[in-house]
$ cat entry-v7.tsv   # TSV, C-alpha atoms
chain	number	residue	atom	x	y	z
A	778	MET	CA	0.00	0.00	0.00
A	779	ALA	CA	1.34	3.43	-0.91
A	780	ASN	CA	2.42	5.72	1.87
A	781	PRO	CA	-0.19	8.54	1.80
A	782	ASN	CA	2.45	11.01	2.96
A	783	ARG	CA	4.72	10.17	0.07
A	784	ARG	CA	2.57	9.38	-2.99
A	785	GLY	CA	-0.57	10.67	-4.60
A	786	GLN	CA	-3.26	8.57	-6.25
A	787	SER	CA	-1.29	8.53	-9.48
A	788	GLY	CA	1.75	7.09	-7.74
A	789	ASN	CA	3.91	10.18	-8.41
A	790	GLU	CA	6.05	11.48	-5.60
A	791	VAL	CA	4.52	14.29	-3.57
A	792	GLN	CA	6.90	16.76	-1.94
A	793	THR	CA	5.95	17.34	1.67
A	794	GLY	CA	6.66	20.47	3.71
A	795	MET	CA	6.27	22.77	0.72
A	796	GLN	CA	6.03	26.49	1.38
A	797	GLY	CA	3.27	28.61	-0.15
A	798	VAL	CA	3.52	31.88	-2.03
A	799	ASN	CA	3.44	34.02	1.13
A	800	TYR	CA	6.11	32.39	3.21
A	801	THR	CA	9.11	33.17	5.34
A	802	PRO	CA	12.08	31.05	4.22
A	803	PHE	CA	13.40	28.62	6.83
A	804	ALA	CA	16.84	30.26	6.77
A	805	ASN	CA	15.44	33.72	7.53
A	806	ARG	CA	13.34	33.21	10.63
A	807	SER	CA	13.68	34.17	14.26
A	808	ILE	CA	11.86	32.36	17.05
A	809	VAL	CA	8.89	34.71	16.80
A	810	THR	CA	8.51	34.94	13.01
A	811	PRO	CA	5.42	33.07	11.74
A	812	PHE	CA	5.85	30.27	9.23
A	813	GLY	CA	3.56	30.53	6.21
A	814	LEU	CA	3.19	34.31	6.16
A	815	ARG	CA	5.20	37.07	4.54
A	816	LEU	CA	6.19	40.37	6.11
A	817	GLN	CA	4.00	42.96	4.39
A	818	GLN	CA	4.54	46.21	6.32
A	819	THR	CA	7.19	47.73	8.59
A	820	ILE	CA	6.00	50.81	10.48
A	821	THR	CA	8.13	53.11	12.64
A	822	SER	CA	5.78	56.00	13.46
A	823	SER	CA	2.29	56.31	14.90
A	824	GLY	CA	-0.58	56.91	12.52
A	825	PRO	CA	-2.83	55.25	9.95
A	826	VAL	CA	-2.36	51.69	8.76
A	827	THR	CA	-3.79	50.46	5.45
A	828	ILE	CA	-4.72	46.78	5.28
A	829	PRO	CA	-6.08	45.37	1.98
A	830	ASP	CA	-9.75	44.51	1.71
A	831	GLY	CA	-10.50	40.94	2.67
A	832	ILE	CA	-7.72	40.70	5.28
A	833	THR	CA	-9.44	40.33	8.64
A	834	TRP	CA	-6.70	38.93	10.87
A	835	VAL	CA	-3.00	39.80	10.84
A	836	TYR	CA	0.03	38.60	12.75
A	837	VAL	CA	2.27	41.26	14.28
A	838	ILE	CA	5.62	41.59	16.06
A	839	ILE	CA	6.09	44.84	17.97
A	840	SER	CA	8.55	46.52	20.31
A	841	GLY	CA	8.09	49.36	22.75
A	842	GLY	CA	10.56	52.23	22.99
A	843	GLY	CA	13.77	51.69	24.94
A	844	GLY	CA	14.29	53.48	28.23
A	845	GLY	CA	16.65	56.46	28.42
A	846	GLY	CA	19.92	56.12	30.31
A	847	SER	CA	20.64	58.44	33.22
A	848	SER	CA	23.14	61.30	33.16
A	849	SER	CA	25.15	62.42	36.17
A	850	THR	CA	28.52	63.90	37.08
A	851	THR	CA	28.17	63.28	40.81
A	852	THR	CA	26.52	59.85	41.11
A	853	ALA	CA	26.70	56.52	39.28
A	854	PRO	CA	24.97	56.87	35.86
A	855	ARG	CA	22.94	53.86	34.74
A	856	GLY	CA	21.68	52.39	31.47
A	857	GLY	CA	18.09	52.24	30.29
A	858	GLY	CA	16.20	48.99	29.85
A	859	ALA	CA	15.19	47.59	26.46
A	860	GLY	CA	11.62	48.01	25.29
A	861	GLY	CA	9.18	45.15	25.63
A	862	ILE	CA	8.64	42.74	22.73
A	863	SER	CA	5.24	41.20	21.94
A	864	TRP	CA	3.88	39.12	19.11
A	865	GLY	CA	0.63	37.42	18.16
A	866	TRP	CA	-2.58	37.53	16.12
A	867	THR	CA	-5.00	40.44	16.17
A	868	LEU	CA	-7.91	41.77	14.18
A	869	ALA	CA	-6.74	44.20	11.51
A	870	HIS	CA	-6.90	47.87	12.57
A	871	ASN	CA	-6.45	51.11	10.68
A	872	THR	CA	-4.24	52.89	13.25
A	873	CYS	CA	-1.20	52.14	15.40
A	874	ILE	CA	0.80	53.67	18.24
A	875	ILE	CA	4.58	53.42	18.08
A	876	GLY	CA	6.45	54.13	21.31
A	877	ALA	CA	9.17	56.76	21.33
A	878	GLY	CA	12.48	56.08	23.02
A	879	GLY	CA	12.89	57.50	26.50
A	880	ILE	CA	15.05	60.61	26.86
A	881	GLY	CA	18.10	60.34	29.09
A	882	GLY	CA	19.13	62.89	31.69
A	883	SER	CA	19.13	63.45	35.42
A	884	THR	CA	15.45	62.51	35.30
A	885	ALA	CA	15.49	59.92	32.51
A	886	SER	CA	12.15	58.81	31.09
A	887	ARG	CA	10.70	55.42	30.24
A	888	GLY	CA	10.21	54.40	26.67
A	889	GLY	CA	6.71	54.71	25.25
A	890	TYR	CA	4.44	51.74	24.63
A	891	THR	CA	3.63	50.36	21.18
A	892	ARG	CA	0.19	49.04	20.30
A	893	TYR	CA	-1.51	47.54	17.29
A	894	GLY	CA	-4.95	46.07	17.85
A	895	ASN	CA	-4.87	44.00	21.04
A	896	VAL	CA	-1.11	43.41	20.99
A	897	ILE	CA	0.82	45.79	23.25
A	898	ALA	CA	4.49	46.13	24.21
A	899	GLY	CA	5.49	48.31	27.15
A	900	GLY	CA	8.40	50.74	27.13
A	901	GLY	CA	11.78	50.02	28.67
A	902	GLY	CA	12.38	51.02	32.29
A	903	THR	CA	14.56	53.89	33.44
A	904	SER	CA	17.26	53.91	36.07
A	905	THR	CA	16.05	54.95	39.48
A	906	GLY	CA	17.40	54.27	42.92
A	907	VAL	CA	20.58	52.18	42.70
A	908	LEU	CA	19.74	49.99	39.72
A	909	GLY	CA	19.80	50.22	35.96
A	910	GLY	CA	16.48	50.22	34.12
A	911	GLY	CA	14.62	46.94	33.88
A	912	GLY	CA	13.54	45.59	30.51
A	913	GLY	CA	10.08	46.56	29.31
A	914	GLY	CA	6.93	44.50	29.75
A	915	GLY	CA	4.65	42.91	27.21
A	916	SER	CA	7.10	40.21	26.23
A	917	ALA	CA	5.31	37.04	27.22
A	918	GLY	CA	5.37	35.51	23.77
A	919	SER	CA	1.81	36.20	22.68
A	920	THR	CA	-0.76	38.96	22.90
A	921	ASN	CA	-0.46	41.14	25.95
A	922	TYR	CA	-3.46	43.24	26.87
A	923	TRP	CA	-1.91	45.29	29.63
A	924	GLY	CA	1.34	46.76	28.33
A	925	ILE	CA	2.95	46.45	31.75
A	926	GLU	CA	6.33	48.17	31.96
A	927	GLY	CA	9.41	46.79	33.67
A	928	GLY	CA	10.49	48.35	36.95
A	929	SER	CA	13.95	49.60	37.72
A	930	SER	CA	14.72	46.65	39.99
A	931	GLY	CA	13.59	43.97	37.59
A	932	GLY	CA	11.65	43.10	34.52
A	933	PHE	CA	8.29	41.62	33.70
A	934	SER	CA	7.49	38.59	31.63
A	935	GLY	CA	10.83	37.61	30.16
A	936	SER	CA	12.63	40.91	30.86
A	937	GLY	CA	16.05	41.36	32.40
A	938	ALA	CA	16.61	43.11	35.72
A	939	GLY	CA	18.66	46.26	35.96
A	940	GLY	CA	22.26	45.94	37.10
A	941	GLY	CA	23.40	47.26	40.49
A	942	VAL	CA	25.57	50.26	41.31
A	943	ASN	CA	29.02	50.05	42.85
A	944	ALA	CA	30.51	53.20	44.38
A	945	SER	CA	34.07	52.59	45.52
A	946	THR	CA	37.45	54.26	45.94
A	947	LEU	CA	39.28	51.22	44.57
A	948	ASN	CA	38.36	49.72	41.23
A	949	GLY	CA	34.60	49.59	41.57
A	950	VAL	CA	32.75	47.45	39.01
A	951	ALA	CA	28.99	47.87	38.51
A	952	GLY	CA	26.55	45.06	37.82
A	953	ASN	CA	25.52	44.01	34.32
A	954	GLY	CA	21.93	44.26	33.19
A	955	GLY	CA	20.03	40.98	33.21
A	956	SER	CA	19.46	39.14	29.94
A	957	GLY	CA	15.98	38.14	28.82
A	958	ILE	CA	13.56	38.77	25.98
A	959	SER	CA	14.19	42.45	26.79
A	960	GLY	CA	17.63	43.14	28.25
A	961	GLY	CA	17.98	45.13	31.46
A	962	GLY	CA	19.97	48.35	31.67
A	963	ALA	CA	23.39	48.14	33.31
A	964	GLY	CA	24.38	49.61	36.64
A	965	GLY	CA	26.92	52.40	36.98
A	966	VAL	CA	29.80	53.30	39.26
A	967	TYR	CA	31.14	56.48	40.83
A	968	ALA	CA	34.65	56.22	42.24
A	969	THR	CA	35.98	58.90	44.58
A	970	GLY	CA	39.59	59.89	45.05
A	971	THR	CA	41.99	57.99	42.81
A	972	GLY	CA	39.78	54.95	42.38
A	973	ASN	CA	39.01	53.44	38.99
A	974	GLY	CA	35.50	52.57	37.86
A	975	THR	CA	33.91	50.23	35.32
A	976	GLY	CA	30.26	50.46	34.30
A	977	GLY	CA	28.24	47.31	33.72
A	978	ASN	CA	27.23	45.95	30.32
A	979	GLY	CA	23.64	46.02	29.17
A	980	GLY	CA	21.68	42.78	29.14
A	981	ASN	CA	21.20	40.83	25.89
A	982	GLY	CA	17.87	39.80	24.41
A	983	LEU	CA	15.71	40.31	21.38
A	984	ALA	CA	16.49	43.93	22.29
A	985	GLY	CA	19.45	44.92	24.48
A	986	GLY	CA	19.77	47.17	27.50
A	987	GLY	CA	21.99	50.26	27.67
A	988	GLY	CA	25.50	50.20	29.11
A	989	GLY	CA	26.28	51.76	32.48
A	990	GLY	CA	28.58	54.70	33.04
A	991	ALA	CA	31.64	55.28	35.21
A	992	GLY	CA	32.19	58.63	36.89
A	993	GLY	CA	34.77	59.88	39.34
A	994	ASN	CA	37.74	62.13	39.79
A	995	THR	CA	41.24	61.14	38.72
A	996	GLY	CA	40.90	57.41	38.07
A	997	ILE	CA	40.35	55.48	34.86
A	998	ARG	CA	36.70	55.47	33.81
A	999	THR	CA	35.41	52.67	31.60
A	1000	GLY	CA	31.84	52.77	30.36
A	1001	GLY	CA	29.95	49.54	29.74
A	1002	ASN	CA	28.81	48.24	26.37
A	1003	GLY	CA	25.21	48.03	25.28
A	1004	GLY	CA	23.50	44.64	25.06
A	1005	ASN	CA	22.96	42.81	21.76
A	1006	GLY	CA	19.65	42.14	20.01
A	1007	ILE	CA	18.18	39.78	17.42
A	1008	GLY	CA	16.14	40.84	14.38
A	1009	ILE	CA	13.05	39.12	13.04
A	1010	ASP	CA	15.14	37.50	10.30
A	1011	GLY	CA	17.72	36.21	12.75
A	1012	THR	CA	20.20	39.06	12.21
A	1013	ILE	CA	22.35	39.77	15.26
A	1014	TYR	CA	22.43	43.47	16.10
A	1015	ILE	CA	25.30	44.73	18.23
A	1016	GLY	CA	25.25	47.05	21.22
A	1017	GLY	CA	27.34	50.20	21.20
A	1018	ILE	CA	30.77	50.41	22.81
A	1019	GLY	CA	31.44	52.46	25.94
A	1020	THR	CA	34.24	55.02	26.23
A	1021	THR	CA	37.36	54.87	28.39
A	1022	GLY	CA	39.64	57.63	29.69
A	1023	THR	CA	41.48	58.96	32.70
A	1024	SER	CA	39.44	61.57	34.54
A	1025	THR	CA	37.07	61.76	31.55
A	1026	ASN	CA	34.83	59.67	29.30
A	1027	GLY	CA	33.25	56.60	30.96
A	1028	ALA	CA	29.90	56.73	29.10
A	1029	GLY	CA	27.89	53.61	28.23
A	1030	GLY	CA	27.03	52.31	24.77
A	1031	GLY	CA	23.44	52.08	23.56
A	1032	GLY	CA	21.66	48.73	23.47
A	1033	ALA	CA	20.75	47.15	20.15
A	1034	GLY	CA	17.11	46.95	19.14
A	1035	ILE	CA	15.34	44.29	17.08
A	1036	ALA	CA	15.96	46.41	13.97
A	1037	GLY	CA	19.28	48.18	14.45
A	1038	ASN	CA	22.62	48.39	16.24
A	1039	GLY	CA	23.09	50.52	19.32
A	1040	SER	CA	25.25	53.62	18.97
A	1041	ASN	CA	28.71	53.88	20.47
A	1042	ALA	CA	29.21	56.30	23.33
A	1043	SER	CA	31.13	59.48	22.51
A	1044	GLY	CA	33.24	61.10	25.20
A	1045	THR	CA	30.98	61.57	28.19
A	1046	THR	CA	27.75	61.10	26.18
A	1047	GLY	CA	26.05	57.73	26.19
A	1048	GLY	CA	25.09	55.98	22.97
A	1049	ALA	CA	21.53	55.92	21.67
A	1050	GLY	CA	19.53	52.71	21.68
A	1051	GLY	CA	19.02	50.93	18.37
A	1052	LEU	CA	15.76	50.99	16.42
A	1053	GLY	CA	13.26	48.58	17.86
A	1054	GLY	CA	13.59	49.17	21.59
A	1055	GLY	CA	17.30	49.36	22.42
A	1056	GLY	CA	18.04	50.94	25.81
A	1057	GLY	CA	19.96	54.22	25.99
A	1058	GLY	CA	23.48	54.23	27.40
A	1059	ALA	CA	24.49	56.19	30.49
A	1060	SER	CA	26.14	59.62	30.25
A	1061	VAL	CA	28.75	61.08	32.58
A	1062	SER	CA	27.56	64.64	31.97
A	1063	SER	CA	24.44	66.77	32.06
A	1064	THR	CA	23.52	65.93	28.47
A	1065	THR	CA	20.19	64.41	27.50
A	1066	ALA	CA	21.35	62.96	24.18
A	1067	ASN	CA	21.41	59.34	25.36
A	1068	VAL	CA	17.95	58.31	24.19
A	1069	GLY	CA	16.41	54.87	23.90
A	1070	GLY	CA	15.55	53.40	20.51
A	1071	SER	CA	12.03	53.95	19.22
A	1072	GLY	CA	9.56	51.11	18.83
A	1073	ILE	CA	8.63	49.29	15.64
A	1074	LEU	CA	5.70	47.36	14.18
A	1075	TYR	CA	5.92	44.43	11.75
A	1076	ILE	CA	2.70	43.21	10.08
A	1077	TYR	CA	2.34	39.80	8.40
A	1078	TYR	CA	-0.56	38.44	6.32
$ encode --input "entry-v7.tsv" --output "structure tokens"
Amino acid sequence: MANPNRRGQSGNEVQTGMQGVNYTPFANRSIVTPFGLRLQQTITSSGPVTIPDGITWVYVIISGGGGGGSSSTTTAPRGGGAGGISWGWTLAHNTCIIGAGGIGGSTASRGGYTRYGNVIAGGGGTSTGVLGGGGGGGSAGSTNYWGIEGGSSGGFSGSGAGGGVNASTLNGVAGNGGSGISGGGAGGVYATGTGNGTGGNGGNGLAGGGGGGAGGNTGIRTGGNGGNGIGIDGTIYIGGIGTTGTSTNGAGGGGAGIAGNGSNASGTTGGAGGLGGGGGGASVSSTTANVGGSGILYIYY
């Protein structure tokens, strides 16, 4: 008797596992990319969305905006957390909200949330207290109706916790951000006297957290690197590199998003987070240029 999985009624071989016209090739898929559908739209700003007539349901992958890193010349500056990542099916809608990246500074802000239909991704956390920003919420691996954001001490639903601060006179090293679906922002260090300081590295994930900064007086300051991310096609995006110098520099690199590399730090200014929710790096200055990466929306049908 013919194997029904191998032969048709005519006895000719039937190829199994064939991919249809709208498909994502096996070699170009991340863990959240749907098999059998093709990416149709990539949206990076809030506003109208046009879906063809007859398309009722769509599959989406979204990220919230990354949190901004903190800026300080007198305390340990800390990295911002990566934006949340969510994916799943939703009814087609004609509008979307794309979260902006948080703005760094002495009072750094969270990243904004991204929403399309009933799929929501929260923004990345900011650095408050003695910890780097936690990764954003909304990253459970399906639809998320609440858009819960990660706190500074930890993340929510697959998000990395923020790294701890180390203030020391002798070679203080801050904690790294936790890795998860959304990487946590790194902790920072402030060394007094002649002590050296090394900021933590941002956590890795689908989007990475921002690197921590290192401030102080006459010692060597080494800023942490931003965490790495992974794109929807499996591309590895790289976090930005921190700066090093004696009595200067010490800023953290920006975390990579799901759609772009994080920026390198420059002097005492932290790097920006990459497109798709990368966390902003810490600055050892009063600048507010160390912003998180903005969110993004991918639509499949």
$ residues_around --input "entry-v7.tsv" --residues "Gly954 of chain A" --least-positions-apart "5" --cutoff "12 Å" --atoms "all atoms listed in the file" --output "PyMOL selection string"
chain A and resi 855-859+902+904+908-912+929-932+936-942+959-965+976-982+985-989+1001-1005+1032+1056+1058
$ write_last_selection --input "entry-v7.tsv" --atoms "C-alpha atoms" --output "PDB file, in the coordinates of the input"
ATOM      1  CA  ARG A 855      22.940  53.860  34.740  1.00  0.00           C
ATOM      2  CA  GLY A 856      21.680  52.390  31.470  1.00  0.00           C
ATOM      3  CA  GLY A 857      18.090  52.240  30.290  1.00  0.00           C
ATOM      4  CA  GLY A 858      16.200  48.990  29.850  1.00  0.00           C
ATOM      5  CA  ALA A 859      15.190  47.590  26.460  1.00  0.00           C
ATOM      6  CA  GLY A 902      12.380  51.020  32.290  1.00  0.00           C
ATOM      7  CA  SER A 904      17.260  53.910  36.070  1.00  0.00           C
ATOM      8  CA  LEU A 908      19.740  49.990  39.720  1.00  0.00           C
ATOM      9  CA  GLY A 909      19.800  50.220  35.960  1.00  0.00           C
ATOM     10  CA  GLY A 910      16.480  50.220  34.120  1.00  0.00           C
ATOM     11  CA  GLY A 911      14.620  46.940  33.880  1.00  0.00           C
ATOM     12  CA  GLY A 912      13.540  45.590  30.510  1.00  0.00           C
ATOM     13  CA  SER A 929      13.950  49.600  37.720  1.00  0.00           C
ATOM     14  CA  SER A 930      14.720  46.650  39.990  1.00  0.00           C
ATOM     15  CA  GLY A 931      13.590  43.970  37.590  1.00  0.00           C
ATOM     16  CA  GLY A 932      11.650  43.100  34.520  1.00  0.00           C
ATOM     17  CA  SER A 936      12.630  40.910  30.860  1.00  0.00           C
ATOM     18  CA  GLY A 937      16.050  41.360  32.400  1.00  0.00           C
ATOM     19  CA  ALA A 938      16.610  43.110  35.720  1.00  0.00           C
ATOM     20  CA  GLY A 939      18.660  46.260  35.960  1.00  0.00           C
ATOM     21  CA  GLY A 940      22.260  45.940  37.100  1.00  0.00           C
ATOM     22  CA  GLY A 941      23.400  47.260  40.490  1.00  0.00           C
ATOM     23  CA  VAL A 942      25.570  50.260  41.310  1.00  0.00           C
ATOM     24  CA  SER A 959      14.190  42.450  26.790  1.00  0.00           C
ATOM     25  CA  GLY A 960      17.630  43.140  28.250  1.00  0.00           C
ATOM     26  CA  GLY A 961      17.980  45.130  31.460  1.00  0.00           C
ATOM     27  CA  GLY A 962      19.970  48.350  31.670  1.00  0.00           C
ATOM     28  CA  ALA A 963      23.390  48.140  33.310  1.00  0.00           C
ATOM     29  CA  GLY A 964      24.380  49.610  36.640  1.00  0.00           C
ATOM     30  CA  GLY A 965      26.920  52.400  36.980  1.00  0.00           C
ATOM     31  CA  GLY A 976      30.260  50.460  34.300  1.00  0.00           C
ATOM     32  CA  GLY A 977      28.240  47.310  33.720  1.00  0.00           C
ATOM     33  CA  ASN A 978      27.230  45.950  30.320  1.00  0.00           C
ATOM     34  CA  GLY A 979      23.640  46.020  29.170  1.00  0.00           C
ATOM     35  CA  GLY A 980      21.680  42.780  29.140  1.00  0.00           C
ATOM     36  CA  ASN A 981      21.200  40.830  25.890  1.00  0.00           C
ATOM     37  CA  GLY A 982      17.870  39.800  24.410  1.00  0.00           C
ATOM     38  CA  GLY A 985      19.450  44.920  24.480  1.00  0.00           C
ATOM     39  CA  GLY A 986      19.770  47.170  27.500  1.00  0.00           C
ATOM     40  CA  GLY A 987      21.990  50.260  27.670  1.00  0.00           C
ATOM     41  CA  GLY A 988      25.500  50.200  29.110  1.00  0.00           C
ATOM     42  CA  GLY A 989      26.280  51.760  32.480  1.00  0.00           C
ATOM     43  CA  GLY A1001      29.950  49.540  29.740  1.00  0.00           C
ATOM     44  CA  ASN A1002      28.810  48.240  26.370  1.00  0.00           C
ATOM     45  CA  GLY A1003      25.210  48.030  25.280  1.00  0.00           C
ATOM     46  CA  GLY A1004      23.500  44.640  25.060  1.00  0.00           C
ATOM     47  CA  ASN A1005      22.960  42.810  21.760  1.00  0.00           C
ATOM     48  CA  GLY A1032      21.660  48.730  23.470  1.00  0.00           C
ATOM     49  CA  GLY A1056      18.040  50.940  25.810  1.00  0.00           C
ATOM     50  CA  GLY A1058      23.480  54.230  27.400  1.00  0.00           C
TER      51      GLY A1058
END
$ residues_around --input "entry-v7.tsv" --residues "Ile1076 of chain A" --least-positions-apart "4" --cutoff "7 Å" --atoms "all atoms listed in the file" --output "list of chain:residue names"
A:Leu816, A:Gln817, A:Gln818, A:Thr819, A:Val835, A:Tyr836, A:Val837, A:Ile838
$ residues_around --input "entry-v7.tsv" --residues "Gly842 of chain A" --least-positions-apart "2" --cutoff "9 Å" --atoms "only C-alpha atoms" --output "PyMOL selection string"
chain A and resi 840+844+859-861+875-879+887-891+898-901+913+1052-1056+1069-1073
$ residues_around --input "entry-v7.tsv" --residues "Leu947 of chain A" --least-positions-apart "6" --cutoff "8 Å" --atoms "only C-alpha atoms" --output "list in words"
Ala968, Thr971, Gly972, Asn973 and Gly974 of chain A
$ atom_distance --input "entry-v7.tsv" --atom1 "atom CA of Pro854 of chain A" --atom2 "atom CA of Ala885 of chain A"
10.5 Å
$ atom_distance --input "entry-v7.tsv" --atom1 "atom CA of Ser1060 of chain A" --atom2 "atom CA of Ile1013 of chain A"
25.2 Å
$ residues_around --input "entry-v7.tsv" --residues "Cys873 of chain A" --least-positions-apart "3" --cutoff "10 Å" --atoms "only C-alpha atoms" --output "list of chain:residue names"
A:Ile820, A:Thr821, A:Ser822, A:Ser823, A:Gly824, A:Pro825, A:Val826, A:His870, A:Gly876, A:Thr891, A:Arg892, A:Tyr893, A:Gly894, A:Leu1074
$ atom_distance --input "entry-v7.tsv" --atom1 "atom CA of Thr872 of chain A" --atom2 "atom CA of Gly1006 of chain A"
27.1 Å
$ closest_residue --input "entry-v7.tsv" --among "A:Thr995, A:Thr852, A:Thr810, A:Ser1043" --to "Ser883 of chain A" --atoms "only C-alpha atoms"
A:Thr852
$ closest_residue --input "entry-v7.tsv" --among "A:Pro811, A:Gly881, A:Pro829, A:Gly990" --to "Gly865 of chain A" --atoms "all atoms listed in the file"
A:Pro811
